Protein chains: 2
Amino acid sequence: MGRGSNTRERIMDIAETSVLTKGFVATSIEEIIVEAEITKSGFFYHFKDKNELANALFDRYIDREDLLLDDIFGRADELHDDPLHAFLIGLKMLSEMLADLPNGHPGCLVATVCYNEQIFDRKIRDKNQVSVLRWRKRFRDTFQSISEIYQPNEPVDLDDLADMVSTVVEGGIVMSKALQDPKALARQILLLRSYIKILFLPRNH
Amino acid sequence: MGRGSNTRERIMDIAETSVLTKGFVATSIEEIIVEAEITKSGFFYHFKDKNELANALFDRYIDREDLLLDDIFGRADELHDDPLHAFLIGLKMLSEMLADLPNGHPGCLVATVCYNEQIFDRKIRDKNQVSVLRWRKRFRDTFQSISEIYQPNEPVDLDDLADMVSTVVEGGIVMSKALQDPKALARQILLLRSYIKILFLPRNH
DNA sequence: GGGTAAACTGCACCCGCGGTACAGTAATTG
DNA sequence: CAATTACTGTACCGCGGGTGCAGTTTACCC
């Protein structure tokens, strides 16, 4: 192994997969070090305890998700000047990307934290809230731009509507896992898209 | 204590609360027996191991949820003959009921199982799938009746639409927990209601 | 009122896992 | 060549799940 082998990242990759499928508590340090081919001491050299690993996993996960959304909805904005149509294109691309994941979406650490609250320290629960509020801000801004052009056919709170993107993603992941159908998430995103479409597009198309 | 004290149910009540907030693995038998004021032997008299407790919890939880939905949407059907309006009334009542829970929805065991897959036995994962499919059937039947009268303004698959109810509930619970806002779930349900409304109601209202 | 079964208590013990402590070592870098 | 980084090895602790089994209380039935 030695220096160039990036052990810390390898530990985190192994841990992330395991945490998303089995849950944090069920992921033992023992199995991580076996798969990473290091010793227990090696693990605790990189992370002083399991909670520090959780924090590192969470930070990295959120950063990646943000980059992914920047990428998808950034590209969508390039493809259409109108904010509504750009967003609809973005949702379509998001759905397609999720449908193309061979084993389905691996799960979301936000939900993992929610369903294992007490075992994480306060820091990570606060970070969780912050990350959800960042999604809200992102999509609220989008819906703000849209509503300056299109008037919604139903009265809606734009913050709630922004949260609905997160809701459908988190709920869709749960459904995909429960149904053992990797494509379920993608189809739920398309339903959200359908809602946004008929909510803002004028009735006499 | 003695005979009439219904120890088994008391164990399950304590365990359910703990499982929904902390997760299954983080719920120790030790804390359950302290709160239930029994001994370890007493616990293992009722459940041969933790997995049997999980199975019992899950069965009871699903039964209660089904009864709740029967009640709410049954009452809604009594209040309006038209299937669309009855369903919209049902969603409103569901939302109001969730908003009235003092500490918000406690969480859903379906999601708990999804995010802790490997630690439960196969039996419980199968039951999870069955329970989600039962929700699908219930709401698919509703949307079937609706679509025989109203023609949707967008092409939608009725199974997916039925799943969206579960999606928004599961996702909404995650959002409520993450945001630490008990009312978030209720507001997401109302957005789903808004979608169903403008999806089926004719454009020239 | 005595017997039986249900519903426990008490105690002793094993294992796996998270975590600590600390000494030793191989490779890299300045 | 010295110092730092990135580990290994070993020994040990406490907690929680789980087993085994003998003993005890309580309710109810005959």
# chains A, B, ... in the order shown; residues from 1 in each chain; ligands from 1
$ interface_residues --of "chain D" --to "chain A" --cutoff "8 Å" --atoms "only C-alpha atoms (C1' of nucleotides)" --output "PyMOL selection string"
chain D and resi 6-8
$ select_by_dssp --residues "stretch 73-182 of chain A" --states "alpha helix (DSSP H)" --output "JSON, numbers by chain"
{"A": [73, 74, 75, 76, 77, 78, 79, 83, 84, 85, 86, 87, 88, 89, 90, 91, 92, 93, 94, 95, 96, 97, 98, 99, 100, 109, 110, 111, 112, 113, 114, 122, 123, 124, 125, 126, 127, 128, 129, 130, 131, 132, 133, 134, 135, 136, 137, 138, 139, 140, 141, 142, 143, 144, 145, 146, 147, 148, 149, 158, 159, 160, 161, 162, 163, 164, 165, 166, 167, 168, 169, 170, 171, 172, 173, 174, 175, 176, 177, 178, 179]}
$ residues_around --residues "B:Arg138" --least-positions-apart "2" --cutoff "12 Å" --atoms "only C-alpha atoms (C1' of nucleotides)" --output "short mmCIF file (atom, residue, chain, number, x, y, z; two decimals) with N, CA and C atoms, in the first residue's frame"
data_model
loop_
_atom_site.label_atom_id
_atom_site.label_comp_id
_atom_site.auth_asym_id
_atom_site.auth_seq_id
_atom_site.Cartn_x
_atom_site.Cartn_y
_atom_site.Cartn_z
N ASP B 66 -52.92 0.69 8.24
CA ASP B 66 -54.01 0.31 7.36
C ASP B 66 -55.35 0.75 7.93
N LEU B 69 -55.80 4.51 7.54
CA LEU B 69 -56.18 4.91 6.17
C LEU B 69 -57.61 4.52 5.87
N ASP B 70 -58.01 3.30 6.30
CA ASP B 70 -59.40 2.89 6.12
C ASP B 70 -60.33 3.92 6.73
N PHE B 73 -60.01 7.64 4.76
CA PHE B 73 -60.57 7.69 3.41
C PHE B 73 -61.97 7.08 3.36
N GLY B 74 -62.31 6.26 4.33
CA GLY B 74 -63.68 5.77 4.47
C GLY B 74 -64.62 6.92 4.82
N PHE B 87 -61.50 11.89 -2.47
CA PHE B 87 -60.07 11.67 -2.24
C PHE B 87 -59.38 12.96 -1.80
N SER B 131 -46.28 -4.51 2.14
CA SER B 131 -47.05 -3.40 2.71
C SER B 131 -47.08 -2.20 1.76
N VAL B 132 -45.97 -1.95 1.08
CA VAL B 132 -45.95 -0.85 0.12
C VAL B 132 -46.86 -1.17 -1.07
N LEU B 133 -46.85 -2.42 -1.49
CA LEU B 133 -47.71 -2.81 -2.62
C LEU B 133 -49.19 -2.72 -2.25
N ARG B 134 -49.48 -2.92 -0.95
CA ARG B 134 -50.88 -2.80 -0.53
C ARG B 134 -51.34 -1.35 -0.61
N TRP B 135 -50.48 -0.42 -0.23
CA TRP B 135 -50.79 1.01 -0.40
C TRP B 135 -50.99 1.31 -1.88
N ARG B 136 -50.12 0.74 -2.72
CA ARG B 136 -50.25 0.99 -4.16
C ARG B 136 -51.63 0.55 -4.64
N ARG B 140 -54.33 2.97 -6.18
CA ARG B 140 -54.54 2.73 -7.60
C ARG B 140 -56.03 2.56 -7.87
N ASP B 141 -56.70 1.79 -7.01
CA ASP B 141 -58.15 1.62 -7.15
C ASP B 141 -58.86 2.97 -7.10
N THR B 142 -58.43 3.81 -6.16
CA THR B 142 -59.03 5.15 -6.06
C THR B 142 -58.85 5.93 -7.36
N PHE B 143 -57.61 5.95 -7.86
CA PHE B 143 -57.34 6.71 -9.09
C PHE B 143 -58.05 6.10 -10.30
N GLN B 144 -58.23 4.79 -10.25
CA GLN B 144 -58.99 4.12 -11.30
C GLN B 144 -60.41 4.68 -11.36
N SER B 145 -61.05 4.73 -10.20
CA SER B 145 -62.42 5.26 -10.14
C SER B 145 -62.45 6.71 -10.62
N LEU B 158 -51.16 5.08 -13.45
CA LEU B 158 -51.91 5.12 -12.19
C LEU B 158 -51.18 4.41 -11.04
N ASP B 159 -50.39 3.38 -11.37
CA ASP B 159 -49.58 2.74 -10.32
C ASP B 159 -48.56 3.73 -9.76
N LEU B 161 -48.74 6.94 -9.84
CA LEU B 161 -49.46 7.99 -9.11
C LEU B 161 -49.84 7.49 -7.72
N ALA B 162 -50.27 6.24 -7.65
CA ALA B 162 -50.60 5.64 -6.35
C ALA B 162 -49.36 5.61 -5.46
N ASP B 163 -48.22 5.22 -6.05
CA ASP B 163 -46.97 5.19 -5.28
C ASP B 163 -46.57 6.57 -4.79
N VAL B 165 -48.31 8.76 -3.40
CA VAL B 165 -48.84 9.01 -2.06
C VAL B 165 -47.82 8.52 -1.02
N SER B 166 -47.37 7.28 -1.18
CA SER B 166 -46.35 6.74 -0.27
C SER B 166 -45.08 7.58 -0.32
#
$ atom_distance --atom1 "atom CA of A:Leu53" --atom2 "atom CA of A:Met12"
7.5 Å
$ atom_distance --atom1 "atom C1' of D:DG16" --atom2 "atom CA of B:Ile29"
7.9 Å
$ atom_distance --atom1 "atom CA of B:Leu185" --atom2 "atom CA of A:Leu94"
23.6 Å
$ interface_residues --of "chain B" --to "chain A" --cutoff "8 Å" --atoms "only C-alpha atoms" --output "MDAnalysis selection string"
chainID B and resid 20:23 25:26 107 110:112 114:119 125 128:129 132:133 153:154 156 160:161 163:164 166:172 174:175 177:180 184 187:188 191 194:195 198:199 203:204
$ residues_around --residues "D:DG14" --least-positions-apart "6" --cutoff "12 Å" --atoms "only C-alpha atoms (C1' of nucleotides)" --output "ChimeraX atom specification"
/C:17-20
$ interface_residues --of "chain C" --to "chain B" --cutoff "8 Å" --atoms "only C-alpha atoms (C1' of nucleotides)" --output "PyMOL selection string"
chain C and resi 7-9
$ residues_around --residues "C:DC15" --least-positions-apart "5" --cutoff "12 Å" --atoms "only C-alpha atoms (C1' of nucleotides)" --output "ChimeraX atom specification"
/D:15-19
$ residues_around --residues "stretch 75-82 of chain B" --least-positions-apart "3" --cutoff "12 Å" --atoms "only C-alpha atoms (C1' of nucleotides)" --output "list in words"
Leu68, Leu69, Asp70, Asp71, Ile72, His85, Ala86, Phe87, Leu88, Ile89, Gly90, Leu91, Lys92, Met93, Leu94, Thr142, Phe143, Ser145, Ile146, Ser147, Glu148, Ile149, Tyr150 and Leu201 of chain B
$ decode --residues "stretch 6-28 of chain D" --atoms "N, CA and C atoms (P, O5', C5', C4', C3', O3' and C1' of nucleotides)" --output "PDB file, in the first residue's frame"
ATOM      1  P    DA D   6       0.020  10.978   5.955  1.00  0.00           P
ATOM      2  O5'  DA D   6       0.117   9.391   6.111  1.00  0.00           O
ATOM      3  C5'  DA D   6       0.872   8.646   5.165  1.00  0.00           C
ATOM      4  C4'  DA D   6       0.981   7.224   5.643  1.00  0.00           C
ATOM      5  C3'  DA D   6      -0.352   6.617   6.129  1.00  0.00           C
ATOM      6  O3'  DA D   6      -0.510   5.314   5.583  1.00  0.00           O
ATOM      7  C1'  DA D   6       1.295   6.288   7.728  1.00  0.00           C
ATOM      8  P    DC D   7      -1.984   4.670   5.510  1.00  0.00           P
ATOM      9  O5'  DC D   7      -2.354   4.386   7.043  1.00  0.00           O
ATOM     10  C5'  DC D   7      -2.402   3.073   7.575  1.00  0.00           C
ATOM     11  C4'  DC D   7      -0.998   2.554   7.879  1.00  0.00           C
ATOM     12  C3'  DC D   7      -0.993   1.291   8.716  1.00  0.00           C
ATOM     13  O3'  DC D   7      -1.180   0.152   7.907  1.00  0.00           O
ATOM     14  C1'  DC D   7       0.737   2.813   9.391  1.00  0.00           C
ATOM     15  P    DT D   8      -1.931  -1.113   8.537  1.00  0.00           P
ATOM     16  O5'  DT D   8      -0.806  -1.765   9.460  1.00  0.00           O
ATOM     17  C5'  DT D   8       0.381  -2.316   8.886  1.00  0.00           C
ATOM     18  C4'  DT D   8       1.197  -3.003   9.962  1.00  0.00           C
ATOM     19  C3'  DT D   8       0.466  -4.119  10.706  1.00  0.00           C
ATOM     20  O3'  DT D   8       1.338  -5.230  10.870  1.00  0.00           O
ATOM     21  C1'  DT D   8       1.235  -2.517  12.255  1.00  0.00           C
ATOM     22  P    DG D   9       0.677  -6.666  11.297  1.00  0.00           P
ATOM     23  O5'  DG D   9       1.291  -6.964  12.727  1.00  0.00           O
ATOM     24  C5'  DG D   9       2.127  -6.029  13.392  1.00  0.00           C
ATOM     25  C4'  DG D   9       2.243  -6.434  14.870  1.00  0.00           C
ATOM     26  C3'  DG D   9       1.239  -7.488  15.346  1.00  0.00           C
ATOM     27  O3'  DG D   9       1.914  -8.402  16.202  1.00  0.00           O
ATOM     28  C1'  DG D   9       0.894  -5.438  16.540  1.00  0.00           C
ATOM     29  P    DT D  10       1.215  -9.608  16.951  1.00  0.00           P
ATOM     30  O5'  DT D  10       0.884  -8.981  18.384  1.00  0.00           O
ATOM     31  C5'  DT D  10       1.872  -8.230  19.077  1.00  0.00           C
ATOM     32  C4'  DT D  10       1.320  -7.767  20.417  1.00  0.00           C
ATOM     33  C3'  DT D  10       0.263  -8.691  21.019  1.00  0.00           C
ATOM     34  O3'  DT D  10       0.545  -8.870  22.398  1.00  0.00           O
ATOM     35  C1'  DT D  10      -0.556  -6.488  20.936  1.00  0.00           C
ATOM     36  P    DA D  11      -0.230 -10.051  23.269  1.00  0.00           P
ATOM     37  O5'  DA D  11      -0.414  -9.359  24.690  1.00  0.00           O
ATOM     38  C5'  DA D  11       0.065  -8.035  24.924  1.00  0.00           C
ATOM     39  C4'  DA D  11      -1.026  -7.200  25.584  1.00  0.00           C
ATOM     40  C3'  DA D  11      -2.170  -8.008  26.216  1.00  0.00           C
ATOM     41  O3'  DA D  11      -2.282  -7.641  27.589  1.00  0.00           O
ATOM     42  C1'  DA D  11      -3.005  -6.223  24.935  1.00  0.00           C
ATOM     43  P    DC D  12      -3.249  -8.491  28.604  1.00  0.00           P
ATOM     44  O5'  DC D  12      -4.338  -7.425  29.033  1.00  0.00           O
ATOM     45  C5'  DC D  12      -3.997  -6.040  29.101  1.00  0.00           C
ATOM     46  C4'  DC D  12      -5.203  -5.192  28.804  1.00  0.00           C
ATOM     47  C3'  DC D  12      -6.521  -5.711  29.393  1.00  0.00           C
ATOM     48  O3'  DC D  12      -6.900  -4.911  30.501  1.00  0.00           O
ATOM     49  C1'  DC D  12      -6.772  -4.771  27.205  1.00  0.00           C
ATOM     50  P    DC D  13      -8.087  -5.465  31.479  1.00  0.00           P
ATOM     51  O5'  DC D  13      -9.255  -4.434  31.157  1.00  0.00           O
ATOM     52  C5'  DC D  13      -9.013  -3.026  31.207  1.00  0.00           C
ATOM     53  C4'  DC D  13     -10.233  -2.287  30.667  1.00  0.00           C
ATOM     54  C3'  DC D  13     -11.551  -2.848  31.207  1.00  0.00           C
ATOM     55  O3'  DC D  13     -12.258  -1.831  31.901  1.00  0.00           O
ATOM     56  C1'  DC D  13     -11.599  -2.650  28.816  1.00  0.00           C
ATOM     57  P    DG D  14     -13.544  -2.198  32.806  1.00  0.00           P
ATOM     58  O5'  DG D  14     -14.730  -1.758  31.851  1.00  0.00           O
ATOM     59  C5'  DG D  14     -14.689  -0.499  31.170  1.00  0.00           C
ATOM     60  C4'  DG D  14     -15.909  -0.372  30.280  1.00  0.00           C
ATOM     61  C3'  DG D  14     -17.188  -0.943  30.909  1.00  0.00           C
ATOM     62  O3'  DG D  14     -18.261  -0.062  30.622  1.00  0.00           O
ATOM     63  C1'  DG D  14     -16.719  -2.087  28.876  1.00  0.00           C
ATOM     64  P    DC D  15     -19.716  -0.317  31.219  1.00  0.00           P
ATOM     65  O5'  DC D  15     -20.583  -0.553  29.897  1.00  0.00           O
ATOM     66  C5'  DC D  15     -20.315   0.212  28.723  1.00  0.00           C
ATOM     67  C4'  DC D  15     -21.057  -0.390  27.563  1.00  0.00           C
ATOM     68  C3'  DC D  15     -22.429  -0.945  27.948  1.00  0.00           C
ATOM     69  O3'  DC D  15     -23.379  -0.474  27.006  1.00  0.00           O
ATOM     70  C1'  DC D  15     -21.155  -2.628  26.857  1.00  0.00           C
ATOM     71  P    DG D  16     -24.953  -0.637  27.259  1.00  0.00           P
ATOM     72  O5'  DG D  16     -25.346  -1.725  26.175  1.00  0.00           O
ATOM     73  C5'  DG D  16     -25.027  -1.507  24.803  1.00  0.00           C
ATOM     74  C4'  DG D  16     -25.280  -2.776  24.038  1.00  0.00           C
ATOM     75  C3'  DG D  16     -26.591  -3.463  24.444  1.00  0.00           C
ATOM     76  O3'  DG D  16     -27.316  -3.813  23.275  1.00  0.00           O
ATOM     77  C1'  DG D  16     -24.785  -4.971  24.639  1.00  0.00           C
ATOM     78  P    DG D  17     -28.689  -4.567  23.338  1.00  0.00           P
ATOM     79  O5'  DG D  17     -28.275  -5.988  22.758  1.00  0.00           O
ATOM     80  C5'  DG D  17     -27.824  -6.070  21.406  1.00  0.00           C
ATOM     81  C4'  DG D  17     -27.506  -7.504  21.074  1.00  0.00           C
ATOM     82  C3'  DG D  17     -28.681  -8.464  21.226  1.00  0.00           C
ATOM     83  O3'  DG D  17     -28.667  -9.369  20.130  1.00  0.00           O
ATOM     84  C1'  DG D  17     -26.896  -9.165  22.613  1.00  0.00           C
ATOM     85  P    DG D  18     -29.934 -10.340  19.911  1.00  0.00           P
ATOM     86  O5'  DG D  18     -29.533 -11.609  20.773  1.00  0.00           O
ATOM     87  C5'  DG D  18     -28.370 -12.337  20.404  1.00  0.00           C
ATOM     88  C4'  DG D  18     -28.074 -13.354  21.475  1.00  0.00           C
ATOM     89  C3'  DG D  18     -29.283 -14.162  21.967  1.00  0.00           C
ATOM     90  O3'  DG D  18     -29.171 -15.493  21.469  1.00  0.00           O
ATOM     91  C1'  DG D  18     -27.779 -13.580  23.715  1.00  0.00           C
ATOM     92  P    DT D  19     -30.178 -16.641  21.900  1.00  0.00           P
ATOM     93  O5'  DT D  19     -29.370 -17.375  23.065  1.00  0.00           O
ATOM     94  C5'  DT D  19     -28.027 -17.785  22.842  1.00  0.00           C
ATOM     95  C4'  DT D  19     -27.587 -18.679  23.986  1.00  0.00           C
ATOM     96  C3'  DT D  19     -28.617 -19.711  24.444  1.00  0.00           C
ATOM     97  O3'  DT D  19     -27.974 -20.966  24.579  1.00  0.00           O
ATOM     98  C1'  DT D  19     -27.898 -18.421  26.285  1.00  0.00           C
ATOM     99  P    DG D  20     -28.858 -22.305  24.728  1.00  0.00           P
ATOM    100  O5'  DG D  20     -28.658 -22.692  26.250  1.00  0.00           O
ATOM    101  C5'  DG D  20     -27.500 -22.269  26.976  1.00  0.00           C
ATOM    102  C4'  DG D  20     -27.680 -22.653  28.433  1.00  0.00           C
ATOM    103  C3'  DG D  20     -28.919 -23.515  28.713  1.00  0.00           C
ATOM    104  O3'  DG D  20     -28.577 -24.545  29.628  1.00  0.00           O
ATOM    105  C1'  DG D  20     -29.018 -21.544  30.012  1.00  0.00           C
ATOM    106  P    DC D  21     -29.542 -25.796  29.860  1.00  0.00           P
ATOM    107  O5'  DC D  21     -29.720 -25.785  31.441  1.00  0.00           O
ATOM    108  C5'  DC D  21     -28.916 -24.921  32.263  1.00  0.00           C
ATOM    109  C4'  DC D  21     -29.707 -24.370  33.428  1.00  0.00           C
ATOM    110  C3'  DC D  21     -31.054 -25.094  33.700  1.00  0.00           C
ATOM    111  O3'  DC D  21     -31.157 -25.345  35.081  1.00  0.00           O
ATOM    112  C1'  DC D  21     -31.376 -22.811  33.691  1.00  0.00           C
ATOM    113  P    DA D  22     -32.079 -26.503  35.691  1.00  0.00           P
ATOM    114  O5'  DA D  22     -31.741 -26.457  37.249  1.00  0.00           O
ATOM    115  C5'  DA D  22     -30.775 -25.515  37.765  1.00  0.00           C
ATOM    116  C4'  DA D  22     -31.460 -24.497  38.660  1.00  0.00           C
ATOM    117  C3'  DA D  22     -32.713 -25.005  39.386  1.00  0.00           C
ATOM    118  O3'  DA D  22     -32.625 -24.671  40.770  1.00  0.00           O
ATOM    119  C1'  DA D  22     -33.183 -22.987  38.277  1.00  0.00           C
ATOM    120  P    DG D  23     -33.780 -25.101  41.798  1.00  0.00           P
ATOM    121  O5'  DG D  23     -34.489 -23.708  42.104  1.00  0.00           O
ATOM    122  C5'  DG D  23     -33.693 -22.578  42.518  1.00  0.00           C
ATOM    123  C4'  DG D  23     -34.589 -21.356  42.623  1.00  0.00           C
ATOM    124  C3'  DG D  23     -35.889 -21.581  43.404  1.00  0.00           C
ATOM    125  O3'  DG D  23     -36.088 -20.479  44.293  1.00  0.00           O
ATOM    126  C1'  DG D  23     -36.374 -20.715  41.254  1.00  0.00           C
ATOM    127  P    DT D  24     -37.287 -20.549  45.367  1.00  0.00           P
ATOM    128  O5'  DT D  24     -38.288 -19.473  44.762  1.00  0.00           O
ATOM    129  C5'  DT D  24     -37.825 -18.162  44.459  1.00  0.00           C
ATOM    130  C4'  DT D  24     -38.954 -17.355  43.853  1.00  0.00           C
ATOM    131  C3'  DT D  24     -40.286 -17.462  44.600  1.00  0.00           C
ATOM    132  O3'  DT D  24     -40.762 -16.138  44.815  1.00  0.00           O
ATOM    133  C1'  DT D  24     -40.610 -17.834  42.297  1.00  0.00           C
ATOM    134  P    DT D  25     -41.789 -15.861  46.068  1.00  0.00           P
ATOM    135  O5'  DT D  25     -43.023 -15.179  45.334  1.00  0.00           O
ATOM    136  C5'  DT D  25     -42.807 -14.034  44.511  1.00  0.00           C
ATOM    137  C4'  DT D  25     -43.815 -14.014  43.398  1.00  0.00           C
ATOM    138  C3'  DT D  25     -45.285 -13.913  43.844  1.00  0.00           C
ATOM    139  O3'  DT D  25     -45.774 -12.686  43.353  1.00  0.00           O
ATOM    140  C1'  DT D  25     -45.009 -15.462  42.070  1.00  0.00           C
ATOM    141  P    DT D  26     -47.132 -12.063  43.960  1.00  0.00           P
ATOM    142  O5'  DT D  26     -48.223 -12.451  42.872  1.00  0.00           O
ATOM    143  C5'  DT D  26     -47.973 -12.153  41.497  1.00  0.00           C
ATOM    144  C4'  DT D  26     -48.953 -12.908  40.625  1.00  0.00           C
ATOM    145  C3'  DT D  26     -50.383 -12.946  41.171  1.00  0.00           C
ATOM    146  O3'  DT D  26     -51.189 -12.171  40.297  1.00  0.00           O
ATOM    147  C1'  DT D  26     -49.695 -15.067  40.300  1.00  0.00           C
ATOM    148  P    DA D  27     -52.725 -11.858  40.607  1.00  0.00           P
ATOM    149  O5'  DA D  27     -53.451 -12.915  39.660  1.00  0.00           O
ATOM    150  C5'  DA D  27     -53.085 -12.984  38.288  1.00  0.00           C
ATOM    151  C4'  DA D  27     -53.735 -14.193  37.651  1.00  0.00           C
ATOM    152  C3'  DA D  27     -55.221 -14.365  37.976  1.00  0.00           C
ATOM    153  O3'  DA D  27     -55.921 -14.455  36.744  1.00  0.00           O
ATOM    154  C1'  DA D  27     -54.037 -16.392  38.369  1.00  0.00           C
ATOM    155  P    DC D  28     -57.491 -14.450  36.699  1.00  0.00           P
ATOM    156  O5'  DC D  28     -57.814 -15.993  36.431  1.00  0.00           O
ATOM    157  C5'  DC D  28     -57.055 -16.716  35.475  1.00  0.00           C
ATOM    158  C4'  DC D  28     -57.260 -18.204  35.691  1.00  0.00           C
ATOM    159  C3'  DC D  28     -58.713 -18.623  35.998  1.00  0.00           C
ATOM    160  O3'  DC D  28     -59.064 -19.658  35.121  1.00  0.00           O
ATOM    161  C1'  DC D  28     -57.215 -19.629  37.502  1.00  0.00           C
TER     162       DC D  28
END
